[in-house]
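Structure file model.txt (compact mmCIF, C-alpha atoms (C1' of nucleotides)) follows.
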# COMPACT_ATOMS: atom_id res chain seq x y z
CA MET A 1 -21.04 -25.68 -6.55
CA ASN A 2 -21.77 -24.03 -3.25
CA ASP A 3 -19.16 -25.98 -1.38
CA THR A 4 -16.64 -23.56 0.00
CA ASN A 5 -13.71 -25.94 -0.13
CA THR A 6 -14.34 -26.77 -3.74
CA MET A 7 -14.37 -23.11 -4.63
CA HIS A 8 -11.25 -22.38 -2.70
CA ALA A 9 -9.63 -25.22 -4.57
CA ALA A 10 -10.84 -23.68 -7.79
CA LEU A 11 -9.42 -20.31 -6.81
CA ARG A 12 -6.07 -21.92 -6.19
CA GLY A 13 -6.26 -23.43 -9.64
CA ASN A 14 -6.54 -27.02 -8.44
CA ALA A 15 -9.85 -27.67 -10.10
CA THR A 16 -11.28 -27.22 -13.52
CA THR A 17 -12.07 -23.79 -14.84
CA ILE A 18 -14.26 -21.70 -12.63
CA ALA A 19 -17.63 -20.86 -14.04
CA ILE A 20 -17.18 -17.12 -14.24
CA GLU A 21 -20.41 -15.22 -14.30
CA THR A 22 -21.62 -14.47 -17.75
CA ASP A 23 -22.83 -11.03 -16.76
CA ALA A 24 -19.32 -9.65 -16.38
CA ASP A 25 -20.23 -6.98 -18.93
CA GLU A 26 -23.11 -5.75 -16.82
CA ILE A 27 -20.91 -5.66 -13.76
CA GLU A 28 -18.36 -3.61 -15.69
CA THR A 29 -21.02 -1.14 -16.77
CA ALA A 30 -22.45 -0.83 -13.26
CA LEU A 31 -19.02 -0.30 -11.73
CA ALA A 32 -18.06 2.31 -14.32
CA GLN A 33 -21.20 4.27 -13.51
CA TRP A 34 -20.61 3.84 -9.80
CA TRP A 35 -17.03 5.08 -10.22
CA HIS A 36 -18.27 8.11 -12.12
CA ASP A 37 -20.69 8.98 -9.31
CA ASN A 38 -18.70 7.97 -6.23
CA ALA A 39 -14.96 8.21 -6.87
CA ARG A 40 -13.22 10.11 -4.11
CA ASP A 41 -11.78 13.36 -5.37
CA LEU A 42 -8.15 12.66 -4.59
CA PRO A 43 -5.65 15.19 -5.93
CA TRP A 44 -3.64 12.67 -7.94
CA ARG A 45 -6.67 11.42 -9.86
CA PHE A 46 -8.31 12.48 -13.12
CA GLY A 47 -5.15 13.58 -14.85
CA ARG A 48 -4.38 16.36 -12.38
CA THR A 49 -0.80 15.34 -11.72
CA THR A 50 2.24 13.96 -13.48
CA PRO A 51 3.21 10.29 -13.70
CA TRP A 52 5.75 11.04 -10.98
CA GLY A 53 2.93 12.41 -8.81
CA VAL A 54 1.00 9.19 -9.33
CA LEU A 55 4.02 7.13 -8.32
CA VAL A 56 4.47 9.19 -5.16
CA SER A 57 0.81 8.67 -4.25
CA GLU A 58 1.12 4.93 -4.76
CA VAL A 59 4.23 4.59 -2.62
CA MET A 60 2.67 6.65 0.15
CA SER A 61 -0.45 4.50 -0.05
CA GLN A 62 1.38 1.21 0.48
CA GLN A 63 -0.10 0.00 3.77
CA THR A 64 -1.38 3.47 4.59
CA GLN A 65 -4.99 4.65 4.24
CA MET A 66 -5.56 7.08 1.37
CA GLY A 67 -7.29 9.65 3.52
CA ARG A 68 -4.18 10.05 5.63
CA VAL A 69 -1.97 10.32 2.57
CA VAL A 70 -3.59 13.40 1.01
CA PRO A 71 -2.04 16.16 3.16
CA TYR A 72 1.40 14.53 3.01
CA TRP A 73 1.19 14.11 -0.76
CA THR A 74 0.12 17.71 -1.32
CA ALA A 75 2.92 19.18 0.79
CA TRP A 76 5.45 16.75 -0.69
CA MET A 77 4.63 17.56 -4.31
CA GLU A 78 4.73 21.26 -3.63
CA ARG A 79 8.16 20.95 -2.06
CA TRP A 80 9.58 18.40 -4.52
CA PRO A 81 7.52 18.61 -7.72
CA ASP A 82 9.53 16.05 -9.68
CA ALA A 83 12.05 13.26 -9.31
CA ALA A 84 15.02 15.56 -9.88
CA ALA A 85 13.96 17.82 -7.02
CA LEU A 86 13.55 14.92 -4.61
CA ALA A 87 16.87 13.45 -5.68
CA GLU A 88 18.63 16.63 -4.55
CA ALA A 89 17.01 16.83 -1.12
CA PRO A 90 18.92 16.00 2.09
CA LYS A 91 17.88 12.63 3.49
CA SER A 92 17.08 14.21 6.83
CA ASP A 93 14.50 16.44 5.14
CA VAL A 94 13.00 13.47 3.35
CA ILE A 95 12.69 11.42 6.53
CA THR A 96 11.25 14.34 8.45
CA ALA A 97 8.74 15.20 5.72
CA TRP A 98 7.59 11.58 5.69
CA GLY A 99 6.39 12.32 9.20
CA ARG A 100 4.03 9.78 10.63
CA LEU A 101 3.04 8.06 7.43
CA GLY A 102 4.74 4.94 8.72
CA TYR A 103 7.28 2.54 7.21
CA PRO A 104 9.93 5.27 6.81
CA ARG A 105 12.06 3.00 4.65
CA ARG A 106 9.53 3.81 1.94
CA ALA A 107 10.73 7.41 2.05
CA LEU A 108 14.33 6.40 1.42
CA ARG A 109 13.35 4.04 -1.36
CA LEU A 110 11.30 6.77 -2.96
CA GLN A 111 14.32 9.02 -2.97
CA GLU A 112 16.53 6.27 -4.40
CA CYS A 113 13.87 5.84 -7.01
CA ALA A 114 14.03 9.57 -7.72
CA HIS A 115 17.82 9.32 -8.23
CA VAL A 116 17.45 6.60 -10.83
CA ILE A 117 14.68 8.41 -12.68
CA ALA A 118 16.48 11.74 -12.59
CA TYR A 119 19.86 10.48 -13.69
CA ASP A 120 19.16 7.33 -15.71
CA TYR A 121 15.84 8.32 -17.27
CA ALA A 122 16.24 12.07 -17.77
CA ASP A 123 13.60 12.78 -15.12
CA GLU A 124 10.88 10.86 -16.99
CA LEU A 125 9.26 7.71 -15.63
CA PRO A 126 9.90 4.59 -17.70
CA HIS A 127 6.82 3.12 -19.39
CA THR A 128 7.52 -0.59 -19.17
CA TYR A 129 6.62 -3.02 -16.41
CA ASP A 130 10.13 -4.45 -16.17
CA GLU A 131 11.81 -1.06 -15.89
CA LEU A 132 9.34 0.12 -13.27
CA LEU A 133 9.68 -3.11 -11.30
CA ALA A 134 13.44 -2.66 -11.21
CA LEU A 135 13.11 0.67 -9.37
CA PRO A 136 13.71 0.71 -5.59
CA GLY A 137 10.53 0.30 -3.57
CA ILE A 138 8.45 -0.57 -6.63
CA GLY A 139 6.94 -4.04 -6.65
CA ASP A 140 4.33 -5.72 -8.80
CA TYR A 141 1.42 -3.71 -7.49
CA THR A 142 3.01 -0.29 -7.82
CA ALA A 143 4.49 -1.00 -11.26
CA SER A 144 1.07 -2.10 -12.54
CA ALA A 145 -0.74 0.77 -10.88
CA VAL A 146 1.58 3.37 -12.43
CA LEU A 147 1.20 1.80 -15.87
CA SER A 148 -2.57 1.82 -15.57
CA PHE A 149 -3.26 5.04 -13.68
CA ALA A 150 -0.47 7.25 -15.00
CA PHE A 151 0.00 5.94 -18.52
CA GLY A 152 -3.37 4.38 -19.33
CA GLU A 153 -1.82 1.06 -20.30
CA ARG A 154 -4.07 -1.97 -20.26
CA ILE A 155 -2.70 -4.09 -17.42
CA ALA A 156 -4.35 -6.05 -14.62
CA VAL A 157 -3.68 -4.41 -11.26
CA VAL A 158 -3.72 -6.82 -8.33
CA ASP A 159 -3.88 -5.51 -4.79
CA THR A 160 -5.61 -6.65 -1.65
CA ASN A 161 -8.83 -4.80 -2.52
CA ILE A 162 -9.05 -6.15 -6.05
CA ARG A 163 -8.35 -9.68 -4.85
CA ARG A 164 -11.12 -9.43 -2.28
CA VAL A 165 -13.71 -7.91 -4.63
CA LEU A 166 -13.07 -10.21 -7.59
CA SER A 167 -12.97 -13.29 -5.41
CA ARG A 168 -16.23 -12.37 -3.73
CA ALA A 169 -18.14 -11.16 -6.77
CA PHE A 170 -17.03 -13.78 -9.30
CA VAL A 171 -16.02 -16.82 -7.27
CA GLY A 172 -18.23 -16.33 -4.24
CA VAL A 173 -15.61 -16.87 -1.56
CA GLU A 174 -13.16 -14.86 0.50
CA SER A 175 -9.67 -14.31 -0.84
CA LEU A 176 -7.31 -16.18 1.45
CA GLY A 177 -3.62 -16.47 1.96
CA GLY A 178 -0.71 -14.06 2.00
CA SER A 179 0.21 -13.19 -1.54
CA ALA A 180 -1.82 -13.31 -4.72
CA SER A 181 -2.11 -16.79 -6.22
CA PRO A 182 -1.59 -17.46 -9.94
CA ALA A 183 -5.30 -18.19 -10.17
CA GLU A 184 -6.16 -14.80 -8.69
CA ARG A 185 -3.87 -13.10 -11.18
CA ALA A 186 -5.41 -15.08 -14.00
CA LEU A 187 -8.88 -14.06 -12.88
CA ALA A 188 -7.89 -10.39 -12.81
CA LYS A 189 -6.39 -10.68 -16.29
CA ARG A 190 -9.40 -12.45 -17.66
CA LEU A 191 -11.84 -9.87 -16.38
CA LEU A 192 -9.84 -6.84 -17.52
CA PRO A 193 -11.93 -5.00 -20.14
CA ASP A 194 -10.62 -4.30 -23.62
CA ASP A 195 -9.66 -0.77 -24.54
CA ASP A 196 -10.11 -1.27 -28.28
CA SER A 197 -11.99 1.54 -29.95
CA ALA A 198 -11.87 3.56 -26.79
CA LYS A 199 -10.89 7.02 -27.94
CA CYS A 200 -10.76 8.85 -24.70
CA ARG A 201 -8.39 10.31 -22.18
CA ARG A 202 -5.96 7.88 -20.62
CA PHE A 203 -7.74 7.79 -17.29
CA ASP A 204 -11.15 7.22 -18.89
CA ARG A 205 -10.15 4.02 -20.70
CA PRO A 206 -12.24 0.98 -19.76
CA SER A 207 -9.34 -1.00 -18.28
CA VAL A 208 -8.22 1.97 -16.19
CA VAL A 209 -11.73 2.71 -14.94
CA TRP A 210 -12.16 -0.97 -14.15
CA ASN A 211 -8.97 -1.17 -12.09
CA GLN A 212 -9.77 1.99 -10.18
CA ALA A 213 -13.45 1.17 -9.70
CA VAL A 214 -12.83 -2.33 -8.37
CA MET A 215 -10.15 -1.02 -6.04
CA GLU A 216 -12.32 1.86 -4.85
CA LEU A 217 -15.25 -0.47 -4.26
CA GLY A 218 -13.03 -2.65 -2.11
CA ALA A 219 -11.79 0.35 -0.15
CA THR A 220 -15.15 1.97 0.54
CA VAL A 221 -17.96 -0.61 0.13
CA CYS A 222 -16.71 -4.17 -0.19
CA THR A 223 -14.53 -3.89 2.89
CA ALA A 224 -12.91 -6.81 4.67
CA LYS A 225 -14.93 -7.08 7.86
CA SER A 226 -18.27 -5.44 7.27
CA PRO A 227 -19.06 -4.86 3.62
CA LEU A 228 -21.92 -2.47 2.89
CA CYS A 229 -23.78 -4.80 0.57
CA GLU A 230 -26.90 -2.60 0.77
CA ALA A 231 -24.94 0.17 -0.92
CA CYS A 232 -23.15 -2.03 -3.45
CA PRO A 233 -23.82 -1.38 -7.14
CA ILE A 234 -23.29 -5.04 -8.03
CA ALA A 235 -25.04 -6.66 -5.07
CA GLY A 236 -27.56 -8.23 -7.45
CA LYS A 237 -24.80 -10.03 -9.32
CA CYS A 238 -22.46 -10.90 -6.47
CA ALA A 239 -21.72 -14.59 -6.02
CA PHE A 240 -20.55 -14.02 -2.45
CA LEU A 241 -23.80 -12.38 -1.39
CA ARG A 242 -25.78 -15.06 -3.21
CA ASN A 243 -23.88 -17.71 -1.26
CA GLY A 244 -24.78 -16.10 2.05
CA ARG A 245 -21.34 -14.49 2.44
CA PRO A 246 -19.56 -17.66 3.62
CA GLY A 247 -16.68 -17.03 5.99
CA LEU A 248 -17.17 -13.27 6.01
CA GLY A 249 -14.22 -11.53 7.59
CA GLN A 250 -12.39 -14.81 7.94
CA ARG A 251 -8.77 -14.11 8.72
CA ARG A 252 -6.68 -14.08 5.59
CA THR A 253 -3.31 -13.74 7.23
CA ARG A 254 -1.67 -15.09 10.28
CA PRO A 255 -2.10 -13.04 13.45
CA ARG A 256 0.43 -10.31 13.43
CA GLN A 257 3.11 -9.77 15.94
CA LEU A 258 2.01 -7.41 18.66
CA PHE A 259 3.42 -3.93 18.45
CA GLN A 260 4.00 -3.38 22.14
CA GLY A 261 7.58 -4.12 23.04
CA THR A 262 8.74 -4.96 19.53
CA ASP A 263 11.62 -3.60 17.55
CA ARG A 264 9.11 -1.63 15.53
CA GLN A 265 8.05 0.33 18.55
CA VAL A 266 11.65 1.04 19.54
CA ARG A 267 12.63 2.09 16.01
CA GLY A 268 9.63 4.38 15.94
CA LEU A 269 10.65 5.96 19.24
CA VAL A 270 14.16 6.70 18.00
CA LEU A 271 13.00 8.23 14.73
CA ASN A 272 10.31 10.21 16.45
CA ALA A 273 12.85 11.66 18.88
CA LEU A 274 15.06 12.71 15.97
CA ARG A 275 12.18 14.30 14.11
CA GLY A 276 11.17 16.18 17.23
CA LEU A 277 14.57 17.74 17.86
CA PRO A 278 14.42 21.54 18.37
CA ASP A 279 15.31 23.72 15.39
CA GLY A 280 19.03 23.86 14.84
CA GLU A 281 19.76 20.66 16.75
CA THR A 282 20.53 17.59 14.69
CA VAL A 283 22.12 15.18 17.14
CA LEU A 284 20.52 13.02 19.81
CA ASP A 285 23.25 12.30 22.34
CA ARG A 286 23.82 8.92 23.96
CA LYS A 287 22.13 9.91 27.22
CA SER A 288 18.97 10.95 25.40
CA VAL A 289 19.06 7.77 23.35
CA GLU A 290 19.26 5.63 26.47
CA ARG A 291 16.30 7.40 27.98
CA LEU A 292 14.10 6.20 25.13
CA TRP A 293 14.03 2.51 26.09
CA LYS A 294 15.03 0.56 29.18
CA ASP A 295 16.30 -2.56 27.44
CA HIS A 296 19.59 -1.29 26.06
CA VAL A 297 20.34 -4.53 24.29
CA GLN A 298 17.20 -4.23 22.24
CA LEU A 299 17.74 -0.50 21.88
CA ASP A 300 21.20 -0.94 20.40
CA LYS A 301 19.95 -3.65 18.11
CA CYS A 302 17.33 -1.28 16.78
CA ILE A 303 19.81 1.57 16.44
CA ALA A 304 22.02 -0.74 14.42
CA SER A 305 19.16 -1.80 12.19
CA LEU A 306 18.11 1.81 11.60
CA ASP A 307 21.72 2.55 10.66
CA GLU A 308 21.80 -0.38 8.27
CA ASP A 309 18.60 0.84 6.69
CA GLY A 310 20.19 4.24 6.18
CA LEU A 311 17.57 5.92 8.34
CA ILE A 312 20.06 7.18 10.93
CA GLU A 313 23.81 7.62 11.42
CA ILE A 314 25.67 6.54 14.55
CA LEU A 315 28.23 9.00 15.86
CA PRO A 316 31.48 8.09 17.66
CA GLY A 317 30.12 8.93 21.13
CA GLY A 318 27.04 6.77 20.66
CA GLY A 319 24.78 9.65 19.66
CA VAL A 320 22.63 9.43 16.57
CA ARG A 321 21.37 11.80 13.88
CA LEU A 322 19.40 11.73 10.68
CA PRO A 323 21.61 11.27 7.61
CA VAL A 324 22.35 14.37 5.54
C1' DA B 1 7.59 -16.63 6.00
C1' DT B 2 8.89 -12.23 8.49
C1' DC B 3 9.75 -7.77 9.25
C1' DC B 4 8.57 -2.97 8.97
C1' DA B 5 5.19 1.32 11.92
C1' DG B 6 1.47 4.38 12.50
C1' DT B 7 -3.39 5.12 12.55
C1' DT B 8 -8.27 3.93 12.19
C1' DT B 9 -11.97 0.91 12.98
C1' DG B 10 -15.16 -2.66 15.00
C1' DC C 1 -7.72 -4.62 21.99
C1' DA C 2 -7.01 -6.89 17.40
C1' DA C 3 -7.57 -6.44 12.57
C1' DA C 4 -6.95 -3.98 8.73
C1' DC C 5 -4.76 -0.91 5.66
C1' DA C 6 -3.80 1.05 -2.87
C1' DG C 7 3.02 -3.62 -0.25
C1' DG C 8 7.95 -4.44 -0.74
C1' DA C 9 12.31 -6.51 0.45
C1' DT C 10 14.82 -10.10 2.59

What do you get writing this file as structure tokens?
Amino acid sequence: MNDTNTMHAALRGNATTIAIETDADEIETALAQWWHDNARDLPWRFGRTTPWGVLVSEVMSQQTQMGRVVPYWTAWMERWPDAAALAEAPKSDVITAWGRLGYPRRALRLQECAHVIAYDYADELPHTYDELLALPGIGDYTASAVLSFAFGERIAVVDTNIRRVLSRAFVGVESLGGSASPAERALAKRLLPDDDSAKCRRFDRPSVVWNQAVMELGATVCTAKSPLCEACPIAGKCAFLRNGRPGLGQRRTRPRQLFQGTDRQVRGLVLNALRGLPDGETVLDRKSVERLWKDHVQLDKCIASLDEDGLIEILPGGGVRLPV
DNA sequence: ATCCAGTTTG
DNA sequence: CAAACAGGAT
């Protein structure tokens, strides 16, 4: 029962049914109260924005800390309040406004997404998982998150925080591996509270509060490396803590490629140079491009990949610019 | 399984 | 300095 390998096997679904804690109801109650008292006051929460605003916040938050997203989201929504507005914007403005959020392809995908919503859906977000999943840049997590947080639908949201918290609290082990296993998804589904007889605002429904509370707990208390178990509202019912936190902080993913010297760094340099062009100038000439990186073979490879991604355009003389 | 890309944290 | 971060596409 306390054997880590056995429980990892159970989490992968190789063993018989996991003995889920019977006090799941108490955990739900404690987390709902904790959410009520501790939820960060982010501008896209508590029904203060449109479904489109929620989608924008989710895309910006993919692999980017929420705290850094807030100022970008606020400026973005003021400039482009809905999908139709973003669909009309020049790409160069979109890329520039994305600034240093990282992963600039997300900005282009968000605009493609805005095109589809504006023209195919009359500027209203679709309400079904399959339709949302089909949108550019929207995967399982974001589709589920929009359904839950924007529309109040009862659906299990599975992200890295929720995986970590549910695995720790209910199975007693760290969540391992790259993507969510079927067993982890099943666990999330099984624990999702019912919304029956809940006559309240969309964002106050039990399943929505549960998704947000578990995620928030993972982001602020039940963190990967050094969880603040002293401050955790469910510490008394946590299987991981009871087990002595086996394998705490154990690496879940393979070591990542170093940044220094990689294509990512070079791509970042090129985009940053284009963003930093003086007012009125739109083109970075070949000489300036070559000054960015000594290895011209790698440089040209990165320029080509940026062009393929639609993030830049290559001009006849070898200069580059942001697409219009 | 890898790539993407910028910042914060331990 | 490496890991981690409300992932998605290939």

Exercise. What does the distance from atom CA of A:Arg286 to atom CA of A:Leu322 come to in Å, to one decimal?
Worked result: 14.3 Å

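For chain C, the residues having at least one atom no farther than 7 Å from chain A, when counting all atoms listed in the file, are DC5, DA6, DG7 and DG8 of chain C.
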
For this session: Name all residues at most 8 Å from A:Glu112 (count all atoms listed in the file; drop same-chain ones fewer than 4 positions away) and give them as an NGL selection string.
Result: :A and (87 or 108 or 116 or 136)

Problem set entry | chain A residues near chain B (7 Å cut-off, all atoms listed in the file) as a list in words |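 Listing them in order of chain and number gives Arg100, Leu101, Gly102, Tyr103, Arg264 and Gly268 of chain A.
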
Exercise. Expressed in Å to a single decimal, how great is the separation between atom CA of A:Ala75 and atom CA of A:Val214?
Worked result: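 Atom-to-atom, atom CA of A:Ala75 and atom CA of A:Val214 are spaced 28.2 Å apart.
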
Exercise. For the atom pair atom CA of A:Glu124 and atom CA of A:Val324, what is the interatomic distance in Å to one decimal place?
Worked result: 25.5 Å

Can you tell me, as lines of an AutoDock Vina configuration file, the centre and edge lengths (Å, one decimal) of the axis-aligned box enclosing all of stretch 5-8 of chain C's listed atoms after padding each side by 6 Å?
center_x = 1.6
center_y = -1.7
center_z = 1.4
size_x = 24.7
size_y = 17.5
size_z = 20.5

For this session: List the residues sitting within 6 Å of (20.8, 11.8, 18.0) in the file's frame, using all atoms listed in the file, as a ChimeraX atom specification.
Result: /A:283-285,319-321
